[in-house]
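Here the structure comes first, spelled out in structure tokens, and everything after it is commentary.
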4 protein chains.
Amino acid sequence: MQRIVLAYSGGLDTSIAIPWLVEHYDAEVVAVTMDLGQGSELDETRDRALAAGAIRAHVLDVREEFARDYILPVLQADAIYDNGCPVATMLGRPLIARKLVEIAAIEQAVAVAHGCGGDNDPMNLDVAVRALSPVITVIAPARDWRMTPSEKIDYARMRGIPLSAGTTGYRTHTNLWGRSVECEVEDPPTSPPEQIYTLTRRPADCPNEAAYAEMNFERGVPTAINGVAMPLVELIASLTTIASAHGVGRIDIVANRLGVTSREIYEMPAAIVLHKAHKELQRMVTTSDAERLSDALSRQYADVIHDGLWFMALREALDACVAKVQERVSGVIRLKLFKGDCHVVGRKSPFALYDQAQATYDAADAFNHTATAGLTRISGRPGPTAARQA
Amino acid sequence: MQRIVLAYSGGLDTSIAIPWLVEHYDAEVVAVTMDLGQGSELDETRDRALAAGAIRAHVLDVREEFARDYILPVLQADAIYDNGCPVATMLGRPLIARKLVEIAAIEQAVAVAHGCGGDNDPMNLDVAVRALSPVITVIAPARDWRMTPSEKIDYARMRGIPLSAGTTGYRTHTNLWGRSVECEVEDPPTSPPEQIYTLTRRPADCPNEAAYAEMNFERGVPTAINGVAMPLVELIASLTTIASAHGVGRIDIVANRLGVTSREIYEMPAAIVLHKAHKELQRMVTTSDAERLSDALSRQYADVIHDGLWFMALREALDACVAKVQERVSGVIRLKLFKGDCHVVGRKSPFALYDQAQATYDAADAFNHTATAGLTRISGRPGPTAARQA
Amino acid sequence: MQRIVLAYSGGLDTSIAIPWLVEHYDAEVVAVTMDLGQGSELDETRDRALAAGAIRAHVLDVREEFARDYILPVLQADAIYDNGCPVATMLGRPLIARKLVEIAAIEQAVAVAHGCGGDNDPMNLDVAVRALSPVITVIAPARDWRMTPSEKIDYARMRGIPLSAGTTGYRTHTNLWGRSVECEVEDPPTSPPEQIYTLTRRPADCPNEAAYAEMNFERGVPTAINGVAMPLVELIASLTTIASAHGVGRIDIVANRLGVTSREIYEMPAAIVLHKAHKELQRMVTTSDAERLSDALSRQYADVIHDGLWFMALREALDACVAKVQERVSGVIRLKLFKGDCHVVGRKSPFALYDQAQATYDAADAFNHTATAGLTRISGRPGPTAARQA
Amino acid sequence: MQRIVLAYSGGLDTSIAIPWLVEHYDAEVVAVTMDLGQGSELDETRDRALAAGAIRAHVLDVREEFARDYILPVLQADAIYDNGCPVATMLGRPLIARKLVEIAAIEQAVAVAHGCGGDNDPMNLDVAVRALSPVITVIAPARDWRMTPSEKIDYARMRGIPLSAGTTGYRTHTNLWGRSVECEVEDPPTSPPEQIYTLTRRPADCPNEAAYAEMNFERGVPTAINGVAMPLVELIASLTTIASAHGVGRIDIVANRLGVTSREIYEMPAAIVLHKAHKELQRMVTTSDAERLSDALSRQYADVIHDGLWFMALREALDACVAKVQERVSGVIRLKLFKGDCHVVGRKSPFALYDQAQATYDAADAFNHTATAGLTRISGRPGPTAARQA
């Protein structure tokens, strides 16, 4: 009997996917649940998978791998979407794809399956799986079954699958790096309801005293908060707690996706703070032309992730460039967190290009003022020529 | 006797420039002081110019021209420096150049002069003047005289020029669009002293109640705040008051300038709010590829201003493109101002590409889920090929 | 009875599309054949359409509109694909879409149809039609009928549709701007067979005497060849003749299309010569930063056409910028055509930024050598700082 | 007595620079002549240096280092100027700077000197030396002495310095990678006189039989011509001979340099052929998005060299990215050389993304035509929305 490995979240869609796959493909289903830091009860999830008909249910803690191989490169590349939003949900896709392919090899499965529907998210999973293994089949039941929400509930009831309590009306997604919400009632003119936020405190309710976070970086890797060294997973979790308490990390945007404009809410406290700190530190230690290159590559990096091309040669080329730049990205950035706002208030790096002697305005300074006159004459050259013609 | 038209600010440098020009060029000096919204007492400035030896002293209110012909194009282009800072001081340079050339023609002067020193600021003035008139000479006394600060004070005392009271130790510059401070003690690790800010309230001292600003735009032009229509100069002044009261507009950055990294503080309340509103509105009404083009042109526009190339053909080409995009930039953006933070909380536009039917996730929605499967197969194509080779 | 307007080329696919549409949609078919300069016998084409079952067959000469509204903007934008190939076949798509929509309105048709198959070409037509009219249906029989080549021939025979003689094994497409060939035997290691080229002479067989073409431009519009003024359609046709005789215009590339790499042959004599001349002239009259902007927009323009987005706001924004730049693009470019090679040998423009006084290397020249020293010191600034740290 | 190390070419300027440096700096001058493949008689040059007053004269053969560490990275990056011209003269500057600094350390010299004048070339040398050593002084006599050509000749005569025979009226520069000519009579409307070309044969006089060059690459390194393996220096020299004989490599452009437009002639036979071959091969093995990144980095790389920033962090970052891409750039490109024209006629690579099955147009092919329909619907989405609003 053929076997299918299913990425199992425990939600309605992946739960009914189990019997659906069994019925449509005459196959055994192996459920795989991954802990990317979403914070749900995964033992319970395993039980749900078995109850729904899976022959086996694996639970994998991939948080460390997620932080090291996915979050860190993205932080170092400062991969930010055009709308200013850090990469969130999409970032988990390539890791999920890699694990599905690995488990499929172990389980000798002919196909992998996932619960993503018809928006552009599933591209990431499909494309990533195909890049890792050209022979494996990818099945996306939620794209194929064409059931309405109520039909899905009926389908679950008929097969004895328990429905989870909190069907909120929002599609949310959480991992170590942040939380995304796609509003069902997408009405941009109004502010979203406060209860949509579950991670961050409402700015108005935050402490009246600002908090300060001093972030240490060593060659592009965040290594300590306020002097306390910790591994990356812990550092992100800890920063999430600190920043959330001060209302930092809320993003409310109108996103463009392949010609479709939609509204999305994010809570990304650690991502916001770390990107701000990393970018500021990198700017201190790179020349303006190198900084501009980094900016261009950042946008490209975000595109790569958005388009599901993580496992392609392009990302490796970008990574090589980013890695080179990180060699100088060591130092400390001090940030102030206050009622939803986060900004840099101090910087220090042994590689800072900043040089006090050069930046002051003393008559006797090292910066030769006459030099400016020369530059002015040269770069302004086209002016007179154009003027004479007018 | 030859005549020189001097851009006169009333400060120490331009005050001693008057006798210096008279002495070194055996010339008459005509002082021109322009009101770009810096908020100083200009009648008094006129008297100082005459007292210092100018044969005539003009005071021009150019605020409306500044807002219409300089601030507005920059807002519509969303010209932001790479470091995220709006264009500030530099934006006044081309207008000052234009007025100097105009007054020089009226006064039949052979040269214009300005008080800028040896940093890269004066490029803007020199290059702009030369682009407008290839025959006129530009003199920059502060670049040529090579006096130390104390020598300048001596020079002023010997010629009976009264020193202004507040020599703060900071170089500041204010106009309608914002205020910049260049710290003499440029020590990035520490927070700047609170008294460096004169426009915006300290976030911790701001009201506990958020303020909301609803910004109306018509074809890219901001026309009303909270439903009250007003001309652009007033609108910017009014918005400065509102946003400053909520601590919005402070920027503390390390800037890269032609290979020199320096620290700069800005207070730009109206600029921050208007750019945020304009960009958000424009994003709602443009496709993602057009938005990406606009982003690229924004950076280029900031470069143009930074390099003093305002009067060059490149800016006209950028303006033509920006103007076309503005045709759809009409609508209302609602922003929340709270303890230093400013973010968008509502949006409305008759040209919004946002379409509720397209963005929802109903099984029966207009968005064909099968279409995604097609897209996935095509764009993922290189994957299997590459994989087969590996 | 409902009516469908079909873009009719006279080939096998569009010929069998007529009965196929009648049968599958129970509709009347109105055939529209457009003369974009493909040089085929269009009266005969009209007869074929009627013979195949069309109720009416229109023939439209759209060459002038094609040259003025499609070729000219593309020439002025210097829209060249990343692989160095001018825009060819794709350029006719938006015009065909526009005409189909116009004729559909006149004929009160509910749908338009075209003969494009499953490669990425049809996107252009579908997307363009939809941009012009959101209500009309687009039908692509060749995408839907899923017939093999031999099944198509059987289908035609059974319905008495005469097959055209020359089924060459290549897919070719010709219009005023050039000719494209997609090789059925796509074997990149070998040179394509000489008979694949029908427009241009084999370089080895070209005259031993070079030809010279002097191209006049007025504000970006080519107006004369070797001093003889002519309208654009004639000028392109005439230049095609001249350049083809000297073997100019052959392009043999490996193209990347949406993840698929393929081999394509082009013959674009007029396009090659005109782009080269236009670009050279434009470079003479623009500063290097404006030239760089133009280069970036050129690539974007080519993308817009490739992606079928001709009727979108992005192209209008690009056009506005291009139009501004064209204001100075007047002058004469002289090109040498010799055995397949075409290069610029002379240039003249009243707006040339080139200024002999500036470019010579005399000790007494206008170019201040000391100025260079100033520039060197400033732009090299990061060097010593970085070196001191090492 | 202090010592100055002078980059000595043997020409008039560097010859009179020897006594000039002795006289103005009261210093000993050590001449260093480097063989970058310029093909002149260097033993004779050494004698000239000593005759002109140098205390020592070194001759260094740096051709291999030049090819490996400068030409190869530039070839792999496909660093081409905006005007389509390969990097030529500028490429030798960083190597000369490095050798000057090395010799200065050995000779315990306090300064290095070079013969470049006031155009933007010397920036490269000055900036490069300063990046390598922040303490050494750079002297550019030809920038400082302000002599007219005839004054220079008088100066040489008075000091008994023999003038070299061929003062052509052109400024030329030759190295292994190519030859540049800057015309004294810079008249763009006319073709340059044939005698300006000394490397390449006039196309009309070239053989009537085309030559074919098959270039082998291994991981981005050209390793063989027509199957004959050879080291890089030899390969470039050999290719120069072959291509020159067929008139390939002439470039006649109007260049933009820092606001100055000038005319330049190049002969770069090996560079033209190798760049064409490398780029074609790289395009075959990279996806279109990676290719686009490479194109962007190519332009940036050329800027880096042009601005003299070879030894900066930015180039290292670019190199890292380029190196990653080269991992797949192995294969053979076949080029046809014929009467001045050079184009690709065959390609082969084990890593080619080209896949015959994907690129054909059979009804039964692997390329799912229905997939295209899906893609069309999604990417065309904004069309109808925009249309409905109009």
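Labels used: A, B, ... for chains in the order of the structure tokens, numbers from 1 for residues in each chain, and numbers from 1 for ligands as shown.
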
Polymer residues at most 12 Å from Glu65 in chain B, only C-alpha atoms, same-chain spacing of 2 or more positions, as a ChimeraX atom specification: /B:34-37,60-63,67-73,92,94-96,98-99,176,231-233

Export N, CA, C and O atoms of the chosen residues as a short mmCIF file (atom, residue, chain, number, x, y, z; two decimals), in the first residue's frame?
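Dumped everything to part17.cif:
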data_model
loop_
_atom_site.label_atom_id
_atom_site.label_comp_id
_atom_site.auth_asym_id
_atom_site.auth_seq_id
_atom_site.Cartn_x
_atom_site.Cartn_y
_atom_site.Cartn_z
N MET B 34 15.96 84.76 3.08
CA MET B 34 14.72 84.13 2.62
C MET B 34 14.00 83.44 3.75
O MET B 34 14.63 82.76 4.56
N ASP B 35 12.69 83.61 3.76
CA ASP B 35 11.87 82.92 4.76
C ASP B 35 11.38 81.60 4.17
O ASP B 35 10.45 81.56 3.38
N LEU B 36 12.06 80.52 4.56
CA LEU B 36 11.64 79.18 4.15
C LEU B 36 10.89 78.49 5.28
O LEU B 36 10.74 77.28 5.30
N GLY B 37 10.47 79.31 6.23
CA GLY B 37 9.73 78.74 7.35
C GLY B 37 10.61 78.43 8.53
O GLY B 37 10.25 77.65 9.40
N LEU B 60 12.79 87.96 1.62
CA LEU B 60 11.79 87.36 0.73
C LEU B 60 11.04 86.25 1.44
O LEU B 60 11.65 85.36 2.03
N ASP B 61 9.71 86.30 1.37
CA ASP B 61 8.91 85.19 1.90
C ASP B 61 8.70 84.19 0.76
O ASP B 61 7.88 84.40 -0.13
N VAL B 62 9.45 83.11 0.79
CA VAL B 62 9.37 82.13 -0.30
C VAL B 62 8.70 80.84 0.18
O VAL B 62 8.84 79.79 -0.46
N ARG B 63 7.98 80.89 1.28
CA ARG B 63 7.42 79.66 1.83
C ARG B 63 6.46 78.95 0.88
O ARG B 63 6.48 77.74 0.73
N ALA B 67 7.00 75.28 -0.62
CA ALA B 67 6.06 74.18 -0.42
C ALA B 67 5.62 73.59 -1.75
O ALA B 67 5.61 72.37 -1.94
N ARG B 68 5.28 74.45 -2.68
CA ARG B 68 4.67 74.00 -3.94
C ARG B 68 5.68 73.37 -4.89
O ARG B 68 5.42 72.33 -5.50
N ASP B 69 6.84 74.00 -5.03
CA ASP B 69 7.78 73.58 -6.07
C ASP B 69 8.90 72.67 -5.57
O ASP B 69 9.66 72.11 -6.36
N TYR B 70 9.04 72.54 -4.26
CA TYR B 70 10.14 71.73 -3.73
C TYR B 70 9.64 70.64 -2.79
O TYR B 70 9.92 69.47 -2.98
N ILE B 71 8.86 71.03 -1.76
CA ILE B 71 8.37 70.02 -0.81
C ILE B 71 7.40 69.06 -1.51
O ILE B 71 7.52 67.83 -1.36
N LEU B 72 6.46 69.62 -2.27
CA LEU B 72 5.44 68.76 -2.87
C LEU B 72 6.04 67.72 -3.83
O LEU B 72 5.72 66.53 -3.71
N PRO B 73 6.90 68.10 -4.76
CA PRO B 73 7.50 67.06 -5.63
C PRO B 73 8.23 65.97 -4.83
O PRO B 73 8.17 64.80 -5.18
N GLY B 92 16.15 73.07 0.60
CA GLY B 92 16.10 74.52 0.44
C GLY B 92 17.15 75.05 -0.53
O GLY B 92 17.01 76.14 -1.08
N PRO B 94 18.22 74.38 -3.71
CA PRO B 94 17.92 74.83 -5.08
C PRO B 94 17.07 76.10 -5.11
O PRO B 94 17.27 76.95 -5.98
N LEU B 95 16.16 76.23 -4.16
CA LEU B 95 15.34 77.44 -4.13
C LEU B 95 16.21 78.66 -3.81
O LEU B 95 16.09 79.72 -4.44
N ILE B 96 17.11 78.51 -2.85
CA ILE B 96 18.02 79.61 -2.52
C ILE B 96 18.86 79.97 -3.75
O ILE B 96 19.03 81.15 -4.09
N ARG B 98 18.12 79.56 -6.88
CA ARG B 98 17.27 80.22 -7.88
C ARG B 98 17.05 81.69 -7.51
O ARG B 98 17.14 82.58 -8.37
N LYS B 99 16.78 81.95 -6.25
CA LYS B 99 16.52 83.33 -5.82
C LYS B 99 17.80 84.16 -5.93
O LYS B 99 17.76 85.33 -6.33
N LEU B 176 10.48 74.97 6.77
CA LEU B 176 9.09 74.52 6.90
C LEU B 176 8.97 73.00 6.99
O LEU B 176 8.07 72.46 7.63
N PRO B 231 -4.37 75.47 2.56
CA PRO B 231 -3.26 75.52 1.61
C PRO B 231 -2.05 74.79 2.18
O PRO B 231 -1.94 74.59 3.40
N LEU B 232 -1.12 74.42 1.31
CA LEU B 232 -0.04 73.52 1.68
C LEU B 232 0.83 74.06 2.81
O LEU B 232 1.18 73.33 3.75
N VAL B 233 1.21 75.35 2.76
CA VAL B 233 2.07 75.91 3.81
C VAL B 233 1.39 75.77 5.18
O VAL B 233 2.01 75.31 6.15
#

Strand (DSSP E or B) call set, DSSP backbone run, range 55-141 of chain C, as a VMD selection string: chain C and resid 56 to 61 80 86 111 to 113 137 to 139

C:Asp13, C:Asp289, C:Glu264, C:Asp295 ranked by distance to chain A, top pick (using only C-alpha atoms): C:Asp289

Polymer residues at most 7 Å from range 125-129 of chain B, only C-alpha atoms, same-chain spacing of 6 or more positions, as a PyMOL selection string: (chain A and resi 376+380) or (chain B and resi 93-94+97-98+101+138+308-311)

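The list of residues with at least one atom within 9 Å of Leu235 in chain B, based on only C-alpha atoms and without residues fewer than 6 positions apart in the same chain, reads Pro222, Thr223, Ala224, Ile225, Ala229 and Ala270 of chain B.
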
Can you spit out the residues from that selection as a tab-separated table (two decimals), in the first residue's frame, using C-alpha atoms?
chain	number	residue	atom	x	y	z
B	222	PRO	CA	-2.39	66.82	0.54
B	223	THR	CA	-5.46	69.03	0.79
B	224	ALA	CA	-6.99	68.65	4.23
B	225	ILE	CA	-6.35	67.49	7.79
B	229	ALA	CA	-9.04	72.01	3.82
B	270	ALA	CA	5.04	66.88	9.14
